[in-house]
file work-v7.cif (mmCIF, C-alpha atoms)
data_protein
loop_
_atom_site.label_atom_id
_atom_site.label_comp_id
_atom_site.auth_asym_id
_atom_site.auth_seq_id
_atom_site.Cartn_x
_atom_site.Cartn_y
_atom_site.Cartn_z
CA MET A 1 10.82 11.19 -13.50
CA THR A 2 11.22 14.86 -14.30
CA ARG A 3 14.54 16.55 -13.85
CA ALA A 4 12.85 19.08 -11.57
CA GLU A 5 11.77 16.38 -9.11
CA LEU A 6 15.23 14.90 -8.89
CA ASP A 7 16.81 18.32 -8.53
CA ALA A 8 14.31 19.29 -5.82
CA ALA A 9 15.14 16.11 -3.91
CA GLY A 10 18.86 16.85 -4.14
CA ILE A 11 19.62 13.68 -6.14
CA THR A 12 22.60 14.48 -8.34
CA ASP A 13 24.40 11.19 -9.02
CA PRO A 14 23.58 10.12 -12.62
CA ASP A 15 23.19 6.41 -11.81
CA LEU A 16 21.01 7.14 -8.81
CA ARG A 17 18.87 9.51 -10.85
CA GLU A 18 18.31 6.71 -13.36
CA SER A 19 17.36 4.35 -10.51
CA TYR A 20 14.69 6.76 -9.32
CA ARG A 21 13.42 7.17 -12.87
CA ARG A 22 12.96 3.42 -13.10
CA CYS A 23 10.91 3.41 -9.89
CA ARG A 24 8.74 6.19 -11.25
CA GLU A 25 8.11 4.17 -14.41
CA LEU A 26 6.96 1.21 -12.33
CA ASN A 27 4.61 3.40 -10.31
CA ALA A 28 3.16 5.02 -13.43
CA ALA A 29 2.67 1.66 -15.15
CA HIS A 30 1.17 -0.27 -12.26
CA GLY A 31 0.17 2.12 -9.48
CA LYS A 32 -2.67 4.08 -11.16
CA THR A 33 -4.44 5.55 -8.12
CA PHE A 34 -1.25 5.52 -6.06
CA PHE A 35 0.65 7.26 -8.86
CA LEU A 36 -2.06 9.89 -9.24
CA ALA A 37 -1.92 10.62 -5.52
CA THR A 38 1.89 10.79 -5.63
CA ARG A 39 1.64 13.55 -8.24
CA LEU A 40 -0.03 15.72 -5.60
CA LEU A 41 3.06 15.69 -3.39
CA ALA A 42 5.73 18.36 -3.60
CA PRO A 43 8.42 17.59 -6.20
CA ASP A 44 11.08 16.88 -3.57
CA GLN A 45 8.86 14.19 -1.97
CA ARG A 46 7.95 12.24 -5.09
CA PRO A 47 11.21 10.37 -5.83
CA ALA A 48 11.28 8.72 -2.40
CA VAL A 49 7.64 7.62 -2.70
CA HIS A 50 8.33 6.16 -6.13
CA ALA A 51 11.29 4.26 -4.66
CA LEU A 52 9.13 2.70 -1.94
CA TYR A 53 6.56 1.69 -4.53
CA GLY A 54 9.27 0.20 -6.73
CA PHE A 55 10.59 -1.93 -3.89
CA ALA A 56 7.11 -3.25 -3.06
CA ARG A 57 6.54 -3.97 -6.73
CA ARG A 58 9.82 -5.84 -7.00
CA ALA A 59 8.78 -8.21 -4.21
CA ASP A 60 5.28 -8.61 -5.65
CA ASP A 61 6.72 -9.51 -9.04
CA ILE A 62 8.80 -12.25 -7.48
CA LEU A 63 5.63 -13.71 -5.96
CA ASP A 64 3.17 -13.48 -8.80
CA GLU A 65 4.37 -11.96 -12.03
CA VAL A 66 7.91 -12.85 -13.09
CA ASP A 67 8.16 -16.24 -14.86
CA PRO A 68 5.08 -18.19 -13.75
CA ALA A 69 7.08 -21.40 -14.18
CA LEU A 70 9.19 -20.61 -11.11
CA THR A 71 8.66 -22.98 -8.19
CA GLY A 72 7.80 -21.81 -4.70
CA ALA A 73 11.31 -22.70 -3.55
CA GLU A 74 12.82 -20.60 -6.33
CA ARG A 75 10.61 -17.65 -5.46
CA ALA A 76 11.55 -18.01 -1.78
CA SER A 77 15.20 -17.99 -2.78
CA ARG A 78 14.74 -14.78 -4.75
CA LEU A 79 13.00 -13.12 -1.82
CA ARG A 80 15.85 -14.18 0.48
CA THR A 81 18.30 -12.67 -1.99
CA LEU A 82 16.33 -9.43 -2.07
CA ALA A 83 16.22 -9.33 1.73
CA GLY A 84 19.94 -10.06 1.95
CA GLN A 85 20.78 -7.29 -0.51
CA PHE A 86 18.64 -4.82 1.39
CA GLY A 87 20.10 -5.86 4.73
CA SER A 88 23.66 -5.51 3.47
CA ALA A 89 22.87 -2.29 1.57
CA ASP A 90 24.15 -3.92 -1.62
CA SER A 91 21.92 -3.20 -4.61
CA GLY A 92 23.75 -5.73 -6.75
CA GLY A 93 23.15 -3.52 -9.77
CA ASP A 94 19.39 -3.52 -9.24
CA PRO A 95 18.26 0.07 -9.91
CA VAL A 96 15.09 -0.28 -7.84
CA LEU A 97 17.03 -1.51 -4.83
CA ALA A 98 19.58 1.28 -5.22
CA ALA A 99 16.81 3.88 -5.05
CA VAL A 100 15.05 2.40 -2.02
CA LEU A 101 18.32 1.99 -0.13
CA HIS A 102 19.07 5.64 -0.75
CA THR A 103 15.57 6.64 0.38
CA ALA A 104 15.78 4.54 3.54
CA ARG A 105 19.07 6.21 4.47
CA ALA A 106 17.99 9.74 3.55
CA TYR A 107 14.80 9.59 5.61
CA ARG A 108 16.11 7.26 8.32
CA ILE A 109 13.28 4.79 7.78
CA PRO A 110 13.64 1.96 10.33
CA GLY A 111 14.93 -1.22 8.73
CA ASP A 112 12.55 -3.44 10.65
CA LEU A 113 9.67 -2.01 8.61
CA PHE A 114 11.24 -3.48 5.49
CA ASP A 115 11.93 -6.75 7.32
CA ALA A 116 8.26 -7.00 8.30
CA PHE A 117 7.22 -6.34 4.71
CA LEU A 118 9.42 -9.10 3.33
CA THR A 119 8.23 -11.48 6.04
CA SER A 120 4.65 -11.05 4.88
CA MET A 121 5.72 -11.50 1.26
CA ARG A 122 7.29 -14.83 2.20
CA MET A 123 4.03 -15.85 3.86
CA ASP A 124 2.36 -15.72 0.45
CA LEU A 125 4.49 -18.66 -0.62
CA SER A 126 3.04 -20.99 2.00
CA VAL A 127 -0.07 -19.47 3.62
CA THR A 128 -3.26 -19.68 1.59
CA ASP A 129 -5.96 -19.10 4.22
CA TYR A 130 -6.38 -17.10 7.42
CA PRO A 131 -8.43 -18.70 10.21
CA ASP A 132 -9.36 -15.45 11.95
CA ARG A 133 -8.91 -11.68 12.02
CA ALA A 134 -5.79 -11.86 14.17
CA ALA A 135 -4.04 -14.11 11.65
CA LEU A 136 -5.00 -11.84 8.77
CA ASP A 137 -3.92 -8.76 10.74
CA HIS A 138 -0.49 -10.33 11.24
CA TYR A 139 -0.09 -10.62 7.49
CA VAL A 140 -1.57 -7.19 6.74
CA TYR A 141 0.76 -5.48 9.20
CA GLY A 142 3.77 -6.50 7.13
CA SER A 143 2.14 -6.25 3.72
CA ALA A 144 0.42 -2.88 4.12
CA GLU A 145 0.58 -1.13 7.49
CA VAL A 146 4.35 -0.82 7.33
CA ILE A 147 3.99 0.97 3.98
CA GLY A 148 2.11 3.74 5.74
CA LEU A 149 4.81 3.86 8.40
CA GLN A 150 7.57 3.97 5.78
CA LEU A 151 5.86 6.94 4.13
CA LEU A 152 5.52 9.03 7.29
CA PRO A 153 9.05 10.48 7.30
CA ILE A 154 8.55 11.54 3.66
CA LEU A 155 5.11 13.01 4.22
CA GLY A 156 6.14 14.84 7.38
CA THR A 157 4.07 15.41 10.50
CA THR A 158 3.01 18.38 12.58
CA GLY A 159 4.05 16.70 15.83
CA PRO A 160 5.71 13.51 17.05
CA VAL A 161 5.76 10.73 14.47
CA ALA A 162 4.40 8.35 17.11
CA ASP A 163 1.14 10.33 17.23
CA ALA A 164 0.50 9.95 13.50
CA ALA A 165 1.81 6.39 13.13
CA PRO A 166 -1.34 4.45 14.12
CA TYR A 167 -3.41 6.38 11.59
CA ALA A 168 -0.87 5.93 8.81
CA ALA A 169 -0.74 2.20 9.50
CA ALA A 170 -4.53 1.99 9.55
CA LEU A 171 -4.84 3.69 6.17
CA GLY A 172 -2.40 1.20 4.67
CA LYS A 173 -4.51 -1.55 6.19
CA ALA A 174 -7.72 -0.11 4.74
CA PHE A 175 -6.16 0.05 1.28
CA GLN A 176 -5.06 -3.57 1.55
CA LEU A 177 -8.44 -4.83 2.75
CA THR A 178 -10.05 -2.95 -0.13
CA ASN A 179 -7.77 -4.79 -2.54
CA PHE A 180 -8.71 -8.10 -0.93
CA LEU A 181 -12.41 -7.45 -1.48
CA ARG A 182 -11.94 -6.26 -5.04
CA ASP A 183 -9.65 -9.17 -5.93
CA VAL A 184 -11.45 -12.16 -4.38
CA ASP A 185 -11.75 -13.76 -7.83
CA GLU A 186 -8.12 -13.15 -8.81
CA ASP A 187 -6.77 -14.31 -5.45
CA LEU A 188 -8.79 -17.53 -5.59
CA ALA A 189 -7.26 -18.21 -8.99
CA ARG A 190 -3.88 -18.08 -7.22
CA GLY A 191 -5.13 -20.39 -4.47
CA ARG A 192 -5.43 -17.71 -1.79
CA VAL A 193 -8.26 -16.36 0.35
CA TYR A 194 -7.52 -13.11 2.18
CA LEU A 195 -10.71 -13.08 4.27
CA PRO A 196 -10.99 -14.34 7.89
CA ALA A 197 -12.37 -17.88 7.74
CA ASP A 198 -14.28 -17.60 11.02
CA GLU A 199 -16.06 -14.43 9.91
CA LEU A 200 -17.00 -16.08 6.62
CA ALA A 201 -18.21 -19.18 8.48
CA ALA A 202 -20.63 -17.02 10.48
CA HIS A 203 -22.46 -16.52 7.18
CA GLY A 204 -22.16 -20.15 6.08
CA VAL A 205 -19.28 -19.44 3.73
CA ASP A 206 -15.99 -21.33 3.31
CA ARG A 207 -13.38 -21.74 0.58
CA ASP A 208 -15.49 -24.36 -1.21
CA ARG A 209 -18.46 -21.99 -1.28
CA LEU A 210 -16.29 -19.24 -2.77
CA LEU A 211 -14.95 -21.63 -5.40
CA TRP A 212 -18.50 -22.76 -6.21
CA CYS A 213 -19.53 -19.15 -6.77
CA ARG A 214 -16.43 -18.49 -8.83
CA SER A 215 -17.19 -21.45 -11.10
CA ARG A 216 -20.61 -19.93 -11.78
CA GLY A 217 -19.40 -16.37 -12.08
CA ARG A 218 -21.73 -14.98 -9.44
CA VAL A 219 -22.12 -14.65 -5.70
CA ASP A 220 -24.94 -16.26 -3.74
CA THR A 221 -26.89 -14.89 -0.80
CA ARG A 222 -24.47 -16.20 1.83
CA VAL A 223 -21.35 -14.87 0.11
CA ARG A 224 -23.03 -11.52 -0.48
CA SER A 225 -23.84 -11.26 3.22
CA ALA A 226 -20.28 -12.17 4.22
CA LEU A 227 -18.77 -9.62 1.84
CA ALA A 228 -21.12 -6.93 3.10
CA GLU A 229 -19.76 -7.45 6.60
CA GLN A 230 -16.18 -7.17 5.32
CA LEU A 231 -17.05 -3.89 3.58
CA ARG A 232 -18.48 -2.53 6.81
CA ILE A 233 -15.34 -3.44 8.77
CA THR A 234 -13.10 -1.88 6.12
CA ARG A 235 -15.08 1.36 6.11
CA GLU A 236 -14.68 1.62 9.88
CA ILE A 237 -10.92 1.41 9.43
CA TYR A 238 -11.02 4.16 6.79
CA ALA A 239 -13.00 6.38 9.18
CA TYR A 240 -10.40 5.87 11.90
CA ALA A 241 -7.46 6.44 9.54
CA ARG A 242 -8.82 9.64 8.03
CA ALA A 243 -8.93 11.24 11.46
CA GLY A 244 -5.13 11.26 11.40
CA THR A 245 -4.74 13.33 8.23
CA ALA A 246 -4.63 16.53 10.28
CA LEU A 247 -1.45 15.23 11.93
CA LEU A 248 0.41 15.26 8.61
CA ALA A 249 2.36 18.18 7.19
CA PRO A 250 -0.16 20.44 5.38
CA ARG A 251 1.51 20.00 2.01
CA SER A 252 1.02 16.20 2.22
CA ARG A 253 -2.64 16.16 3.24
CA PRO A 254 -4.17 16.59 -0.25
CA CYS A 255 -2.23 13.54 -1.48
CA VAL A 256 -3.38 11.32 1.39
CA ASP A 257 -6.95 12.60 1.24
CA THR A 258 -7.14 11.95 -2.50
CA ALA A 259 -5.80 8.41 -2.16
CA ALA A 260 -8.25 7.68 0.68
CA VAL A 261 -11.22 8.98 -1.32
CA LEU A 262 -10.37 7.05 -4.48
CA TYR A 263 -9.53 3.78 -2.73
CA GLY A 264 -12.60 4.12 -0.54
CA GLU A 265 -14.77 4.53 -3.62
CA ILE A 266 -13.70 1.09 -4.80
CA LEU A 267 -15.90 -0.18 -1.96
CA ASP A 268 -18.74 1.91 -3.36
CA ARG A 269 -18.25 0.36 -6.79
CA ILE A 270 -18.32 -3.12 -5.25
CA GLU A 271 -21.66 -2.24 -3.68
CA ASP A 272 -22.89 -0.74 -6.95
CA ASN A 273 -22.12 -4.13 -8.53
CA ASP A 274 -24.30 -5.79 -5.85
CA LEU A 275 -21.12 -7.32 -4.39
CA GLU A 276 -20.52 -9.34 -7.55
CA VAL A 277 -16.78 -9.89 -7.21
CA PHE A 278 -16.59 -12.79 -9.66
CA GLY A 279 -16.04 -11.91 -13.28
CA ARG A 280 -16.25 -8.18 -12.54
CA ARG A 281 -13.48 -6.01 -11.14
CA ALA A 282 -14.67 -2.90 -9.33
CA THR A 283 -12.85 0.21 -10.53
CA VAL A 284 -13.18 3.95 -10.16
CA GLY A 285 -13.68 5.46 -13.60
CA THR A 286 -11.10 7.66 -15.25
CA GLY A 287 -13.41 10.67 -15.21
CA ARG A 288 -13.95 10.38 -11.49
CA ARG A 289 -10.24 9.95 -10.83
CA ILE A 290 -9.50 13.05 -12.87
CA ARG A 291 -12.10 15.12 -11.00
CA VAL A 292 -10.90 14.03 -7.58
CA GLY A 293 -7.29 14.43 -8.65
CA ALA A 294 -7.91 17.95 -9.97
CA LEU A 295 -9.46 19.01 -6.67
CA GLY A 296 -6.54 17.49 -4.80
CA PHE A 297 -4.06 19.25 -7.09
CA ALA A 298 -5.66 22.62 -6.36
CA ARG A 299 -5.49 21.96 -2.62
CA ALA A 300 -1.88 20.78 -2.90
CA TRP A 301 -0.86 23.87 -4.87
CA ARG A 302 -2.41 26.16 -2.29
CA ALA A 303 -0.80 24.28 0.60
CA ARG A 304 2.65 24.45 -0.98
CA ARG A 305 2.21 28.12 -1.79
CA ILE A 306 1.35 28.89 1.82
CA ALA A 307 4.15 26.74 3.20
CA GLY A 308 6.73 28.06 0.77
CA SER A 309 9.16 26.06 -1.31
CA GLN A 310 11.64 25.11 1.44
CA PRO A 311 11.27 21.33 2.07
CA PRO A 312 11.40 20.10 5.67
CA ALA A 313 14.41 18.17 6.86
CA PRO A 314 13.92 14.39 7.13
CA VAL A 315 12.68 13.31 10.54
CA SER A 316 14.96 11.56 12.96
CA GLU A 317 14.71 7.81 13.25
CA VAL A 318 12.09 6.74 15.76
CA PRO A 319 12.41 3.36 17.51
CA HIS A 320 9.85 1.04 15.95
CA ALA A 321 8.32 0.07 19.28
CA SER A 322 7.27 3.67 19.90
CA TRP A 323 5.17 3.56 16.75
CA GLU A 324 2.86 1.06 18.36
CA THR A 325 1.62 3.11 21.30
CA ALA A 326 -1.84 2.70 19.80
CA ASP A 327 -2.62 -0.34 17.69
CA PRO A 328 -4.58 0.54 14.52
CA ARG A 329 -5.44 -3.13 14.12
CA GLU A 330 -7.84 -2.77 17.03
CA HIS A 331 -9.98 -0.35 15.03
CA ARG A 332 -12.27 -2.59 13.05
#
call {"tool": "encode", "arguments": {"input": "work-v7.cif", "output": "C-alpha cells"}}
result
Amino acid sequence: MTRAELDAAGITDPDLRESYRRCRELNAAHGKTFFLATRLLAPDQRPAVHALYGFARRADDILDEVDPALTGAERASRLRTLAGQFGSADSGGDPVLAAVLHTARAYRIPGDLFDAFLTSMRMDLSVTDYPDRAALDHYVYGSAEVIGLQLLPILGTTGPVADAAPYAAALGKAFQLTNFLRDVDEDLARGRVYLPADELAAHGVDRDRLLWCRSRGRVDTRVRSALAEQLRITREIYAYARAGTALLAPRSRPCVDTAAVLYGEILDRIEDNDLEVFGRRATVGTGRRIRVGALGFARAWRARRIAGSQPPAPVSEVPHASWETADPREHR
C-alpha cells in the first residue's frame, strides 16, 4: 500500500499501517478484478476496502486453502476463533484482523454484517447442496450481500444509506452468482453445488448429471439449458443493482461501474464458451480489463477533481434492520 493512501486515510500508527499493507497485498495477489476496481477509488478509501477484502480472504483460506489436511472440525474451530477475536476486538497479532477491526470502528460498520458473513462461511463446512432459491439466497446473503453493505459507508451515498442498501446488496449477490456459474467445475471438485436443485431439476439436471458431465469434460443439452436459465436470472440481478449506482457518492461510482462491467462480462465469456464450464474457466482478458479500467480511471479522476480532495466523514451507524426496507433477493 502506498504511503499516500495511508496518509490520506489518516492511518499513522506504524503497526496498523503494516496491517493495511498486508491486506493490500492479499487483494493484489488474489482479487484481480476487485483490486483493479479498488484502484479507482480515492486514496483515502482504498485502505478500508483492502481490509474488508483481507478479512474475507482470511475466512476463505480457512475453508479451502490453508493446509488441505485439516479436518472439518479443525476448520470450524478456526472459524470460531476468528469470530471470537472479531467479536472481542482482539486481533491476537493477526495483521489482517487488526486492519478490519480498525475499519469497522472507523466507519461504524454494523457488527451483525460480519456475523452473517462468518455464519455463511461455517455453512460451507456442512452444506453441500441447496434445494431451492430461498436456501441459496440465505447463504448468499451472508457470503456476498453483506459485503456490499459493509462497503457502503466507505463508498458514501448521496442520501440515506437505507436507500442505497438494497442495490449494494444485490450487486454483491450478482458477483457471487457469477462466481458460482464460472466455478461449477471447481466447486464440484470440493463436493459443493451452488445452484438451486429445484431449478436444475426443471431441466432434468441433478448432482449426478453434473458429475457425469464433469467426468467427460463437457456439458450436455440439459445442463446447458439449466445454466442458461441461471445466467438469465443473474443478469436480471445485475440490471437491478446497477440502477442504484446513482445513489452512491460521485467519486465512488466509477469503481462500482467498472467492477459491475467486468464481472458481468464473465457471463458473456461463459456464453462465448457455449456454457462449457467443465475444463474451461471463463475469464475477461487482460486487454479488456485494462481498457475498461482506463475508462474508469478517467471518470474517477474527473469525479474527484470536481468533488475536491476533502474526503467525506464516515456515515453514522445505521441499524441493520433498516437496511432491509427493500429485499434485493426478490429481484431475480
call {"tool": "atom_distance", "arguments": {"input": "work-v7.cif", "atom1": "atom CA of A:Pro196", "atom2": "atom CA of A:Val140"}}
result
11.9 Å
call {"tool": "atom_distance", "arguments": {"input": "work-v7.cif", "atom1": "atom CA of A:Gly54", "atom2": "atom CA of A:Cys23"}}
result
4.8 Å
call {"tool": "atom_distance", "arguments": {"input": "work-v7.cif", "atom1": "atom CA of A:Val223", "atom2": "atom CA of A:Ile266"}}
result
18.4 Å
call {"tool": "resolve_selection", "arguments": {"input": "work-v7.cif", "expression": "the PyMOL selection byres ((chain A and resi 237) around 8)", "output": "compact mmCIF listing (two decimals) with C-alpha atoms, in the frame of the given file"}}
result
# COMPACT_ATOMS: atom_id res chain seq x y z
CA ALA A 170 -4.53 1.99 9.55
CA LEU A 171 -4.84 3.69 6.17
CA LYS A 173 -4.51 -1.55 6.19
CA ALA A 174 -7.72 -0.11 4.74
CA ILE A 233 -15.34 -3.44 8.77
CA THR A 234 -13.10 -1.88 6.12
CA ARG A 235 -15.08 1.36 6.11
CA GLU A 236 -14.68 1.62 9.88
CA TYR A 238 -11.02 4.16 6.79
CA ALA A 239 -13.00 6.38 9.18
CA TYR A 240 -10.40 5.87 11.90
CA ALA A 241 -7.46 6.44 9.54
CA HIS A 331 -9.98 -0.35 15.03
CA ARG A 332 -12.27 -2.59 13.05
call {"tool": "closest_residue", "arguments": {"input": "work-v7.cif", "among": "A:Arg17, A:Arg224, A:Glu186, A:Glu199", "to": "A:Glu271", "atoms": "only C-alpha atoms"}}
result
A:Arg224
call {"tool": "resolve_selection", "arguments": {"input": "work-v7.cif", "expression": "the PyMOL selection byres ((chain A and resi 38-47) around 7)", "output": "NGL selection string"}}
result
:A and (5-6 or 8-9 or 20 or 34-37 or 48-51 or 154 or 252 or 254-255 or 296-297 or 300)
call {"tool": "write_last_selection", "arguments": {"input": "work-v7.cif", "atoms": "C-alpha atoms", "output": "tab-separated table (two decimals), in the frame of the given file"}}
result
chain	number	residue	atom	x	y	z
A	5	GLU	CA	11.77	16.38	-9.11
A	6	LEU	CA	15.23	14.90	-8.89
A	8	ALA	CA	14.31	19.29	-5.82
A	9	ALA	CA	15.14	16.11	-3.91
A	20	TYR	CA	14.69	6.76	-9.32
A	34	PHE	CA	-1.25	5.52	-6.06
A	35	PHE	CA	0.65	7.26	-8.86
A	36	LEU	CA	-2.06	9.89	-9.24
A	37	ALA	CA	-1.92	10.62	-5.52
A	48	ALA	CA	11.28	8.72	-2.40
A	49	VAL	CA	7.64	7.62	-2.70
A	50	HIS	CA	8.33	6.16	-6.13
A	51	ALA	CA	11.29	4.26	-4.66
A	154	ILE	CA	8.55	11.54	3.66
A	252	SER	CA	1.02	16.20	2.22
A	254	PRO	CA	-4.17	16.59	-0.25
A	255	CYS	CA	-2.23	13.54	-1.48
A	296	GLY	CA	-6.54	17.49	-4.80
A	297	PHE	CA	-4.06	19.25	-7.09
A	300	ALA	CA	-1.88	20.78	-2.90
call {"tool": "resolve_selection", "arguments": {"input": "work-v7.cif", "expression": "the PyMOL selection byres ((chain A and resi 288) around 12)", "output": "MDAnalysis selection string"}}
result
chainID A and resid 33 258 261:263 265:266 269 283:287 289:295
call {"tool": "residues_around", "arguments": {"input": "work-v7.cif", "residues": "A:Gly217", "least_positions_apart": "3", "cutoff": "7 Å", "atoms": "only C-alpha atoms", "output": "compact mmCIF listing (two decimals) with C-alpha atoms, keeping the file's coordinate frame"}}
result
# COMPACT_ATOMS: atom_id res chain seq x y z
CA CYS A 213 -19.53 -19.15 -6.77
CA ARG A 214 -16.43 -18.49 -8.83
CA PHE A 278 -16.59 -12.79 -9.66
CA GLY A 279 -16.04 -11.91 -13.28
call {"tool": "closest_residue", "arguments": {"input": "work-v7.cif", "among": "A:Arg299, A:Gly204, A:Ile270, A:Ser215", "to": "A:Ala189", "atoms": "all atoms listed in the file"}}
result
A:Ser215
call {"tool": "closest_residue", "arguments": {"input": "work-v7.cif", "among": "A:Ala116, A:Ala226, A:Ala303, A:Ala144", "to": "A:His203", "atoms": "only C-alpha atoms"}}
result
A:Ala226
call {"tool": "residues_around", "arguments": {"input": "work-v7.cif", "residues": "stretch 55-66 of chain A", "least_positions_apart": "5", "cutoff": "9 Å", "atoms": "only C-alpha atoms", "output": "list of chain:residue names"}}
result
A:Cys23, A:Leu26, A:Asn27, A:His30, A:His50, A:Gly72, A:Arg75, A:Ala76, A:Arg78, A:Leu79, A:Leu82, A:Val96, A:Leu97, A:Ala99, A:Val100, A:Phe117, A:Leu118, A:Met121, A:Arg122, A:Asp124, A:Leu125, A:Ser143, A:Ile147, A:Arg190
call {"tool": "closest_residue", "arguments": {"input": "work-v7.cif", "among": "A:Ala106, A:Leu70, A:Leu113, A:Asp257", "to": "A:Val146", "atoms": "all atoms listed in the file"}}
result
A:Leu113
call {"tool": "closest_residue", "arguments": {"input": "work-v7.cif", "among": "A:Pro131, A:Pro14, A:Gly142, A:Pro95", "to": "A:Thr119", "atoms": "only C-alpha atoms"}}
result
A:Gly142
call {"tool": "closest_residue", "arguments": {"input": "work-v7.cif", "among": "A:Ala69, A:Pro153, A:Arg80, A:Arg3", "to": "A:Pro110", "atoms": "all atoms listed in the file"}}
result
A:Pro153
call {"tool": "decode", "arguments": {"input": "work-v7.cif", "residues": "stretch 260-277 of chain A", "atoms": "C-alpha atoms", "output": "mmCIF file, in the first residue's frame"}}
result
data_model
loop_
_atom_site.group_PDB
_atom_site.id
_atom_site.type_symbol
_atom_site.label_atom_id
_atom_site.label_comp_id
_atom_site.auth_asym_id
_atom_site.auth_seq_id
_atom_site.Cartn_x
_atom_site.Cartn_y
_atom_site.Cartn_z
ATOM 1 C CA ALA A 260 -20.045 -4.424 -12.468
ATOM 2 C CA VAL A 261 -18.986 -4.292 -16.122
ATOM 3 C CA LEU A 262 -16.027 -6.637 -15.702
ATOM 4 C CA TYR A 263 -17.844 -9.167 -13.515
ATOM 5 C CA GLY A 264 -20.858 -9.038 -15.806
ATOM 6 C CA GLU A 265 -18.649 -9.814 -18.779
ATOM 7 C CA ILE A 266 -17.676 -13.108 -17.166
ATOM 8 C CA LEU A 267 -21.233 -14.165 -18.019
ATOM 9 C CA ASP A 268 -20.577 -13.122 -21.609
ATOM 10 C CA ARG A 269 -17.428 -15.252 -21.704
ATOM 11 C CA ILE A 270 -19.375 -18.231 -20.349
ATOM 12 C CA GLU A 271 -21.828 -17.787 -23.209
ATOM 13 C CA ASP A 272 -18.977 -17.359 -25.697
ATOM 14 C CA ASN A 273 -17.725 -20.756 -24.483
ATOM 15 C CA ASP A 274 -21.179 -22.224 -25.251
ATOM 16 C CA LEU A 275 -21.699 -22.647 -21.491
ATOM 17 C CA GLU A 276 -18.836 -25.134 -21.268
ATOM 18 C CA VAL A 277 -17.985 -24.752 -17.591
#
